[in-house]
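So the structure is just underneath, and the comments pick up after that.
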Amino acid sequence: MSSHWTCPVHGAVQPWHAGRPETLAQLRTHARVPVWAPYPPLPGWTLGGVGWCGDERAPASATLLALAGPSPLGGPADLLLVAEEPGTGLGARVAGIPDVDPGDLTTGAPEAKILAAGHPTPLWRSSSAEDRCAFVGEARGVWLWAVLWPPAAELVLMEHVSLRDLRDDEALPELPHGAPSPRLP
C-alpha cells in the first residue's frame, strides 16, 4: 500500500499537501528537509501558507513556505521558499518548469547570495515561467529554491536575507500571518 503514484516520465511522485500558517508547527516536526523562513522576518512580509510532499508514514521530503510583502519597486510581491531532496520536483513545479531538478546551474557566478542557517549560500538563476523568477542553490544537502512574483521582485534577494531552519528552534519564532497565498501549487 502506498500513497505515491508513478509518472511515466519522472518516476515516483509523492503526495502534495498545502496548509494554512497554523500547520507550520506540525510541519517543522515532521520534515526531514529544512523548513526555511526569513528570520528576522522581512519588513512588511507575512506568511500566507505552507506545503509539503510526503505522507503521514514518512517525514516530508520537501517543504514550502509562501510569503507575501512589498516589492522593492512598488506593489505586492510573493516569495515561495522550497527545500527539497533531489528528484522531488516541487521547486521545479513552483518555478513553472517541466523538470524535477534545476539542472547544471553552477557554470557562472551566482546571481544572489543569502544566509541559510548562518552560512553564506549562493543562488543561481533557474529557468522559470515568464510571470516569475526562480533562484536555486544548495543548503544543508538539499535544494533551496526561491521563486518570486513578479519577476522584478527578485530585488528582494539583494537585501540582507537570512533564512532560519525552523526545525532547529524549540519554540516557533513569531512570523506574522497574512492572507492565504494564491501561489501554492
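Going by the C-alpha cells order, chains are called A, B, ..., each with residues numbered from 1, while ligands are numbered from 1 in the order shown.
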
Could you pull the residues within 8 Å of A:Gly178, counting only C-alpha atoms, minus those fewer than 2 positions along the same chain, as a PyMOL selection string? chain A and resi 46-48+68+176+180

For N, CA and C atoms, I'd like the residues from the last selection saved as a PDB file, in the first residue's frame.
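New file out_30.pdb:
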```pdb
ATOM      1  N   THR A  46       4.455  38.774   5.212  1.00  0.00           N
ATOM      2  CA  THR A  46       3.641  37.890   6.044  1.00  0.00           C
ATOM      3  C   THR A  46       3.662  36.467   5.486  1.00  0.00           C
ATOM      4  N   LEU A  47       3.380  35.520   6.353  1.00  0.00           N
ATOM      5  CA  LEU A  47       3.301  34.111   5.986  1.00  0.00           C
ATOM      6  C   LEU A  47       1.886  33.804   5.526  1.00  0.00           C
ATOM      7  N   GLY A  48       1.761  33.270   4.300  1.00  0.00           N
ATOM      8  CA  GLY A  48       0.441  33.013   3.734  1.00  0.00           C
ATOM      9  C   GLY A  48       0.112  31.550   3.529  1.00  0.00           C
ATOM     10  N   ALA A  68       4.247  36.859   1.435  1.00  0.00           N
ATOM     11  CA  ALA A  68       3.808  37.984   0.606  1.00  0.00           C
ATOM     12  C   ALA A  68       4.232  39.272   1.278  1.00  0.00           C
ATOM     13  N   PRO A 176       4.651  36.886  11.273  1.00  0.00           N
ATOM     14  CA  PRO A 176       3.317  37.451  11.058  1.00  0.00           C
ATOM     15  C   PRO A 176       2.543  36.671  10.000  1.00  0.00           C
ATOM     16  N   PRO A 180      -4.224  33.935   2.876  1.00  0.00           N
ATOM     17  CA  PRO A 180      -3.761  32.708   2.207  1.00  0.00           C
ATOM     18  C   PRO A 180      -3.151  33.038   0.837  1.00  0.00           C
TER      19      PRO A 180
END
```

Enumerate, as a VMD selection string, the complete set of residues in stretch 15-69 of chain A that a backbone-based DSSP assignment places in helix (DSSP H, G or I). chain A and resid 21 to 29

For A:Leu65, work out the shell of residues within 12 Å, counting only C-alpha atoms and skipping chain neighbours fewer than 4 positions away, then give it as an MDAnalysis selection string. chainID A and resid 18:24 27:28 34:38 46:52 78:83 90:91 94 144:147 163:166 175 177 180:181 183:185

The selected residues should be written to file as a short mmCIF file (atom, residue, chain, number, x, y, z; two decimals), in the first residue's frame (atoms: N, CA and C atoms).
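What follows is the written file selection26.cif:
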```cif
data_model
loop_
_atom_site.label_atom_id
_atom_site.label_comp_id
_atom_site.auth_asym_id
_atom_site.auth_seq_id
_atom_site.Cartn_x
_atom_site.Cartn_y
_atom_site.Cartn_z
N ALA A 18 -1.10 21.16 1.14
CA ALA A 18 -0.99 22.59 1.43
C ALA A 18 -1.76 22.87 2.70
N GLY A 19 -1.23 23.79 3.48
CA GLY A 19 -1.89 24.12 4.74
C GLY A 19 -1.81 25.60 5.05
N ARG A 20 -2.59 26.00 5.99
CA ARG A 20 -2.57 27.38 6.48
C ARG A 20 -1.36 27.57 7.38
N PRO A 21 -0.99 28.81 7.67
CA PRO A 21 0.17 29.05 8.53
C PRO A 21 0.13 28.32 9.86
N GLU A 22 -1.07 28.03 10.36
CA GLU A 22 -1.19 27.35 11.65
C GLU A 22 -0.60 25.94 11.63
N THR A 23 -0.43 25.34 10.45
CA THR A 23 0.12 23.99 10.36
C THR A 23 1.65 23.98 10.39
N LEU A 24 2.26 25.16 10.47
CA LEU A 24 3.73 25.25 10.47
C LEU A 24 4.35 24.49 11.64
N LEU A 27 4.41 20.87 10.70
CA LEU A 27 5.32 20.60 9.59
C LEU A 27 6.77 20.54 10.05
N ARG A 28 7.18 21.47 10.88
CA ARG A 28 8.60 21.51 11.26
C ARG A 28 9.02 20.30 12.09
N PRO A 34 14.99 20.99 5.54
CA PRO A 34 14.77 22.24 6.26
C PRO A 34 13.40 22.86 5.97
N VAL A 35 12.92 23.60 6.94
CA VAL A 35 11.74 24.44 6.77
C VAL A 35 12.28 25.87 6.87
N TRP A 36 12.63 26.45 5.71
CA TRP A 36 13.29 27.74 5.67
C TRP A 36 12.30 28.88 5.84
N ALA A 37 12.66 29.83 6.69
CA ALA A 37 11.86 31.05 6.88
C ALA A 37 12.82 32.21 7.05
N PRO A 38 12.50 33.36 6.46
CA PRO A 38 13.35 34.54 6.70
C PRO A 38 13.25 34.94 8.16
N THR A 46 4.45 38.77 5.21
CA THR A 46 3.64 37.89 6.04
C THR A 46 3.66 36.47 5.49
N LEU A 47 3.38 35.52 6.35
CA LEU A 47 3.30 34.11 5.99
C LEU A 47 1.89 33.80 5.53
N GLY A 48 1.76 33.27 4.30
CA GLY A 48 0.44 33.01 3.73
C GLY A 48 0.11 31.55 3.53
N GLY A 49 1.00 30.65 3.92
CA GLY A 49 0.71 29.23 3.78
C GLY A 49 1.97 28.39 3.81
N VAL A 50 1.77 27.11 3.99
CA VAL A 50 2.87 26.14 4.00
C VAL A 50 2.46 24.95 3.13
N GLY A 51 3.43 24.18 2.74
CA GLY A 51 3.15 22.97 1.97
C GLY A 51 4.26 21.97 2.15
N TRP A 52 3.98 20.72 1.80
CA TRP A 52 4.98 19.67 1.91
C TRP A 52 4.63 18.51 1.00
N ASP A 78 5.27 38.14 -4.11
CA ASP A 78 5.16 36.84 -3.45
C ASP A 78 6.50 36.14 -3.53
N LEU A 79 6.82 35.40 -2.47
CA LEU A 79 8.06 34.62 -2.40
C LEU A 79 7.71 33.25 -1.87
N LEU A 80 8.07 32.21 -2.62
CA LEU A 80 7.92 30.84 -2.15
C LEU A 80 9.30 30.27 -1.92
N LEU A 81 9.55 29.77 -0.72
CA LEU A 81 10.81 29.13 -0.37
C LEU A 81 10.58 27.63 -0.31
N VAL A 82 11.36 26.88 -1.07
CA VAL A 82 11.21 25.43 -1.14
C VAL A 82 12.53 24.78 -0.75
N ALA A 83 12.48 23.80 0.12
CA ALA A 83 13.61 22.91 0.40
C ALA A 83 13.17 21.52 -0.02
N LEU A 90 9.23 19.56 -6.50
CA LEU A 90 8.35 20.64 -6.04
C LEU A 90 8.88 22.00 -6.45
N GLY A 91 10.17 22.25 -6.27
CA GLY A 91 10.75 23.54 -6.65
C GLY A 91 10.59 23.82 -8.13
N VAL A 94 6.97 24.76 -8.79
CA VAL A 94 6.69 26.14 -8.38
C VAL A 94 7.31 27.13 -9.37
N LEU A 144 17.57 24.38 -2.37
CA LEU A 144 16.88 25.54 -1.80
C LEU A 144 16.45 26.40 -2.98
N TRP A 145 15.14 26.54 -3.17
CA TRP A 145 14.56 27.35 -4.23
C TRP A 145 13.95 28.61 -3.63
N ALA A 146 14.12 29.74 -4.32
CA ALA A 146 13.42 30.98 -4.00
C ALA A 146 12.74 31.42 -5.30
N VAL A 147 11.42 31.39 -5.31
CA VAL A 147 10.65 31.75 -6.50
C VAL A 147 9.83 32.99 -6.17
N LEU A 163 17.96 33.19 6.26
CA LEU A 163 16.98 32.13 6.45
C LEU A 163 17.35 31.29 7.67
N ARG A 164 16.32 30.86 8.36
CA ARG A 164 16.48 30.02 9.54
C ARG A 164 15.70 28.74 9.31
N ASP A 165 16.32 27.62 9.65
CA ASP A 165 15.62 26.33 9.58
C ASP A 165 14.78 26.20 10.84
N LEU A 166 13.48 26.27 10.68
CA LEU A 166 12.59 26.26 11.85
C LEU A 166 12.61 24.95 12.61
N LEU A 175 6.20 34.69 13.39
CA LEU A 175 6.14 35.09 11.99
C LEU A 175 4.75 35.65 11.75
N HIS A 177 1.29 36.36 10.30
CA HIS A 177 0.43 35.64 9.37
C HIS A 177 -0.37 36.63 8.54
N PRO A 180 -4.22 33.94 2.88
CA PRO A 180 -3.76 32.71 2.21
C PRO A 180 -3.15 33.04 0.84
N SER A 181 -2.05 32.39 0.54
CA SER A 181 -1.33 32.64 -0.71
C SER A 181 -2.02 32.00 -1.89
N ARG A 183 -0.46 31.43 -4.55
CA ARG A 183 0.65 30.85 -5.29
C ARG A 183 0.94 29.39 -4.94
N LEU A 184 0.28 28.86 -3.92
CA LEU A 184 0.53 27.46 -3.58
C LEU A 184 0.11 26.57 -4.74
N PRO A 185 0.99 25.63 -5.12
CA PRO A 185 0.63 24.78 -6.28
C PRO A 185 -0.57 23.89 -6.00
#
```

Pick out the residues sitting within 9 Å of A:Pro72, and hand them over as a ChimeraX atom specification; count only C-alpha atoms, and ignore anything fewer than 3 positions along from it in its own chain. /A:75,77,152-156

Write the residues of the preceding selection, restricted to N, CA and C atoms, as a PDB file, in the first residue's frame.
```pdb
ATOM      1  N   GLY A  75       4.394  47.904  -5.242  1.00  0.00           N
ATOM      2  CA  GLY A  75       3.397  46.886  -5.498  1.00  0.00           C
ATOM      3  C   GLY A  75       3.633  45.635  -4.668  1.00  0.00           C
ATOM      4  N   ALA A  77       4.320  41.587  -3.818  1.00  0.00           N
ATOM      5  CA  ALA A  77       5.211  40.530  -4.305  1.00  0.00           C
ATOM      6  C   ALA A  77       4.937  39.260  -3.514  1.00  0.00           C
ATOM      7  N   ALA A 152      10.320  41.287 -11.254  1.00  0.00           N
ATOM      8  CA  ALA A 152      11.078  42.407 -10.679  1.00  0.00           C
ATOM      9  C   ALA A 152      11.260  42.269  -9.173  1.00  0.00           C
ATOM     10  N   ALA A 153      10.497  41.394  -8.531  1.00  0.00           N
ATOM     11  CA  ALA A 153      10.631  41.182  -7.084  1.00  0.00           C
ATOM     12  C   ALA A 153      11.944  40.490  -6.739  1.00  0.00           C
ATOM     13  N   GLU A 154      12.703  40.064  -7.749  1.00  0.00           N
ATOM     14  CA  GLU A 154      13.998  39.445  -7.484  1.00  0.00           C
ATOM     15  C   GLU A 154      14.904  40.361  -6.668  1.00  0.00           C
ATOM     16  N   LEU A 155      14.634  41.654  -6.691  1.00  0.00           N
ATOM     17  CA  LEU A 155      15.437  42.603  -5.914  1.00  0.00           C
ATOM     18  C   LEU A 155      15.326  42.344  -4.412  1.00  0.00           C
ATOM     19  N   VAL A 156      14.313  41.615  -3.988  1.00  0.00           N
ATOM     20  CA  VAL A 156      14.195  41.239  -2.577  1.00  0.00           C
ATOM     21  C   VAL A 156      15.457  40.485  -2.145  1.00  0.00           C
TER      22      VAL A 156
END
```

Using only C-alpha atoms, which of the listed residues (A:Gly54, A:Pro43, A:His30, A:Gly74) sits closest to A:Pro15? A:Gly54

Smallest atom-to-atom distance to A:Pro120: which of A:Val161, A:Val33, A:Cys53, A:Ala95, using only C-alpha atoms? A:Val161

What does the distance from atom CA of A:Glu84 to atom CA of A:Ala129 come to in Å, to one decimal?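 Atom CA of A:Ala129 lies at a distance of 19.6 Å from atom CA of A:Glu84.
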
For the structure I just gave you, how does DSSP split chain A - specifically, which residues are strand (DSSP E or B)? Reply as a ChimeraX atom specification. /A:5-7,11-13,16-19,31,36-38,46-55,58-70,76-84,112-116,119-126,133-139,142-149,162-165,177

Keeping C-alpha atoms for every residue in the selection just given, could you write it to a file as a short mmCIF file (atom, residue, chain, number, x, y, z; two decimals), in the first residue's frame?
```cif
data_model
loop_
_atom_site.label_atom_id
_atom_site.label_comp_id
_atom_site.auth_asym_id
_atom_site.auth_seq_id
_atom_site.Cartn_x
_atom_site.Cartn_y
_atom_site.Cartn_z
CA TRP A 5 1.85 7.34 -7.76
CA THR A 6 4.23 6.79 -10.63
CA CYS A 7 4.66 9.21 -13.50
CA GLY A 11 9.06 8.24 -11.66
CA ALA A 12 7.58 8.13 -8.14
CA VAL A 13 5.56 11.20 -7.17
CA TRP A 16 1.36 17.20 -2.09
CA HIS A 17 -0.29 18.88 0.89
CA ALA A 18 -0.99 22.59 1.43
CA GLY A 19 -1.89 24.12 4.74
CA ALA A 31 10.15 17.21 7.91
CA TRP A 36 13.29 27.74 5.67
CA ALA A 37 11.86 31.05 6.88
CA PRO A 38 13.35 34.54 6.70
CA THR A 46 3.64 37.89 6.04
CA LEU A 47 3.30 34.11 5.99
CA GLY A 48 0.44 33.01 3.73
CA GLY A 49 0.71 29.23 3.78
CA VAL A 50 2.87 26.14 4.00
CA GLY A 51 3.15 22.97 1.97
CA TRP A 52 4.98 19.67 1.91
CA CYS A 53 5.47 16.48 -0.08
CA GLY A 54 5.05 13.20 1.72
CA ASP A 55 2.52 11.39 3.82
CA ALA A 58 7.33 9.17 6.44
CA PRO A 59 8.88 12.59 7.10
CA ALA A 60 8.31 15.23 4.41
CA SER A 61 10.91 15.19 1.62
CA ALA A 62 10.02 18.74 0.51
CA THR A 63 8.75 21.80 2.37
CA LEU A 64 7.39 25.14 1.18
CA LEU A 65 6.70 28.47 2.86
CA ALA A 66 4.60 31.07 1.00
CA LEU A 67 5.26 34.70 1.88
CA ALA A 68 3.81 37.98 0.61
CA GLY A 69 5.02 41.53 1.00
CA PRO A 70 6.08 44.73 -0.71
CA PRO A 76 2.82 43.45 -3.98
CA ALA A 77 5.21 40.53 -4.30
CA ASP A 78 5.16 36.84 -3.45
CA LEU A 79 8.06 34.62 -2.40
CA LEU A 80 7.92 30.84 -2.15
CA LEU A 81 10.81 29.13 -0.37
CA VAL A 82 11.21 25.43 -1.14
CA ALA A 83 13.61 22.91 0.40
CA GLU A 84 13.60 19.51 -1.26
CA ALA A 112 22.18 36.18 -5.43
CA LYS A 113 23.56 35.30 -2.03
CA ILE A 114 21.68 34.76 1.20
CA LEU A 115 22.47 33.35 4.62
CA ALA A 116 20.98 29.92 5.29
CA HIS A 119 26.12 30.04 6.18
CA PRO A 120 26.65 32.15 3.04
CA THR A 121 24.60 30.43 0.33
CA PRO A 122 24.91 31.27 -3.37
CA LEU A 123 21.80 31.11 -5.55
CA TRP A 124 21.81 30.75 -9.33
CA ARG A 125 19.03 31.84 -11.66
CA SER A 126 16.97 28.90 -12.89
CA CYS A 133 11.77 34.37 -11.49
CA ALA A 134 13.46 31.46 -9.75
CA PHE A 135 16.78 31.05 -7.97
CA VAL A 136 18.21 27.81 -6.67
CA GLY A 137 21.17 26.69 -4.61
CA GLU A 138 22.10 24.04 -2.08
CA ALA A 139 21.78 24.31 1.68
CA VAL A 142 19.19 19.64 -0.35
CA TRP A 143 17.90 22.08 -2.97
CA LEU A 144 16.88 25.54 -1.80
CA TRP A 145 14.56 27.35 -4.23
CA ALA A 146 13.42 30.98 -4.00
CA VAL A 147 10.65 31.75 -6.50
CA LEU A 148 9.35 35.32 -6.75
CA TRP A 149 6.38 37.03 -8.42
CA SER A 162 18.81 35.46 6.39
CA LEU A 163 16.98 32.13 6.45
CA ARG A 164 16.48 30.02 9.54
CA ASP A 165 15.62 26.33 9.58
CA HIS A 177 0.43 35.64 9.37
#
```

Nearest to A:Ser71 among A:Gly103, A:Gly108, A:Gly44, A:Gly96, with distances taken over only C-alpha atoms: which residue is it? A:Gly44

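Atom CA of A:Tyr39 to atom CA of A:Met158 spans 15.5 Å [interatomic distance, one decimal].
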